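*Asks:* Have a look at the structure that comes next, please.
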Amino acid sequence: MNANELKGKITAKGLTIQAFCDQFGFSRSTFDRKLNGPGEFDRDEIERIINALGLTWEDARNIFFAE
């Protein structure tokens, strides 16, 4: 998970992290846990984030599947 890359994509869309969380129904603490561990985004959440931010497959791979 590349948290900084995801945060950058969110702000590039003109959203604050809190506004993004509100849009998706995440609490800020849940979002932070998913970004920084130990939680993970599930498949549905990843698909919704990809669509909402207009991410390319390359972007998504770099964000969600980075080691």
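Each chain of the structure tokens is named A, B, ... in the order shown, its residues numbered from 1; ligands are numbered from 1 in display order.
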For segment 46-54 of chain A, find every residue with an atom within 10 Å (counting only C-alpha atoms), except residues of its own chain fewer than 5 positions away, and show them as a PyMOL selection string.
*Replies:* chain A and resi 6+9-13+20+23-24+40-41+59-60+63-64
*Asks:* Output N, CA and C atoms for every residue in that selection, as a PDB file, in the first residue's frame.
*Replies:*
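The result, stored in out.pdb:
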```pdb
ATOM      1  N   LEU A   6      -1.767   7.540  -2.754  1.00  0.00           N
ATOM      2  CA  LEU A   6      -3.217   7.679  -2.684  1.00  0.00           C
ATOM      3  C   LEU A   6      -3.609   9.059  -2.176  1.00  0.00           C
ATOM      4  N   LYS A   9      -3.271  11.532  -4.958  1.00  0.00           N
ATOM      5  CA  LYS A   9      -4.353  11.439  -5.953  1.00  0.00           C
ATOM      6  C   LYS A   9      -5.634  12.081  -5.416  1.00  0.00           C
ATOM      7  N   ILE A  10      -5.886  11.919  -4.127  1.00  0.00           N
ATOM      8  CA  ILE A  10      -7.070  12.521  -3.523  1.00  0.00           C
ATOM      9  C   ILE A  10      -6.971  14.038  -3.576  1.00  0.00           C
ATOM     10  N   THR A  11      -5.841  14.577  -3.168  1.00  0.00           N
ATOM     11  CA  THR A  11      -5.690  16.040  -3.169  1.00  0.00           C
ATOM     12  C   THR A  11      -5.625  16.597  -4.592  1.00  0.00           C
ATOM     13  N   ALA A  12      -5.108  15.804  -5.536  1.00  0.00           N
ATOM     14  CA  ALA A  12      -5.079  16.249  -6.930  1.00  0.00           C
ATOM     15  C   ALA A  12      -6.490  16.411  -7.488  1.00  0.00           C
ATOM     16  N   LYS A  13      -7.451  15.680  -6.917  1.00  0.00           N
ATOM     17  CA  LYS A  13      -8.855  15.809  -7.323  1.00  0.00           C
ATOM     18  C   LYS A  13      -9.530  16.984  -6.622  1.00  0.00           C
ATOM     19  N   PHE A  20     -12.908  13.316   1.354  1.00  0.00           N
ATOM     20  CA  PHE A  20     -12.882  12.007   0.698  1.00  0.00           C
ATOM     21  C   PHE A  20     -13.496  10.947   1.609  1.00  0.00           C
ATOM     22  N   GLN A  23     -17.218  11.352   1.738  1.00  0.00           N
ATOM     23  CA  GLN A  23     -17.831  10.913   0.481  1.00  0.00           C
ATOM     24  C   GLN A  23     -17.998   9.397   0.441  1.00  0.00           C
ATOM     25  N   PHE A  24     -17.031   8.692   0.998  1.00  0.00           N
ATOM     26  CA  PHE A  24     -17.055   7.231   0.933  1.00  0.00           C
ATOM     27  C   PHE A  24     -17.608   6.562   2.180  1.00  0.00           C
ATOM     28  N   GLU A  40      -6.960  -3.216   5.737  1.00  0.00           N
ATOM     29  CA  GLU A  40      -6.773  -3.175   4.283  1.00  0.00           C
ATOM     30  C   GLU A  40      -8.081  -2.767   3.627  1.00  0.00           C
ATOM     31  N   PHE A  41      -7.986  -2.162   2.467  1.00  0.00           N
ATOM     32  CA  PHE A  41      -9.172  -1.879   1.675  1.00  0.00           C
ATOM     33  C   PHE A  41      -9.637  -3.183   1.051  1.00  0.00           C
ATOM     34  N   ASP A  59      -1.835   3.381 -11.976  1.00  0.00           N
ATOM     35  CA  ASP A  59      -1.986   4.108 -10.707  1.00  0.00           C
ATOM     36  C   ASP A  59      -2.458   3.161  -9.605  1.00  0.00           C
ATOM     37  N   ALA A  60      -3.503   2.400  -9.900  1.00  0.00           N
ATOM     38  CA  ALA A  60      -4.082   1.489  -8.909  1.00  0.00           C
ATOM     39  C   ALA A  60      -3.060   0.452  -8.456  1.00  0.00           C
ATOM     40  N   ILE A  63      -0.554   2.043  -6.163  1.00  0.00           N
ATOM     41  CA  ILE A  63      -1.109   2.436  -4.861  1.00  0.00           C
ATOM     42  C   ILE A  63      -1.464   1.200  -4.011  1.00  0.00           C
ATOM     43  N   PHE A  64      -2.285   0.344  -4.544  1.00  0.00           N
ATOM     44  CA  PHE A  64      -2.860  -0.723  -3.731  1.00  0.00           C
ATOM     45  C   PHE A  64      -2.043  -2.001  -3.680  1.00  0.00           C
TER      46      PHE A  64
END
```
*Asks:* Which residues are close to Gly37 of chain A, i.e. within 12 Å by only C-alpha atoms, leaving aside same-chain residues fewer than 6 positions away? Reply as number ranges by chain.
*Replies:* A: 1-3, 29-31
*Asks:* In chain A, what's alpha helix (DSSP H) per DSSP? Answer as a count of residues only?
*Replies:* 46
*Asks:* Quick check, in Å to one decimal: how far apart do atom CA of Ser27 of chain A and atom CA of Phe65 of chain A lie?
*Replies:*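 Atom CA of Phe65 of chain A lies 22.7 Å from atom CA of Ser27 of chain A.
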*Asks:* Tell me, in Å to one decimal, how far atom CA of Leu35 of chain A is from atom CA of Thr16 of chain A.
*Replies:*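 Answer for the atom CA of Leu35 of chain A to atom CA of Thr16 of chain A separation: 15.1 Å.
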*Asks:* What does the distance between atom CA of Arg28 of chain A and atom CA of Lys7 of chain A come to in Å, to one decimal place?
*Replies:*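 Between atom CA of Arg28 of chain A and atom CA of Lys7 of chain A the gap works out to 12.8 Å.
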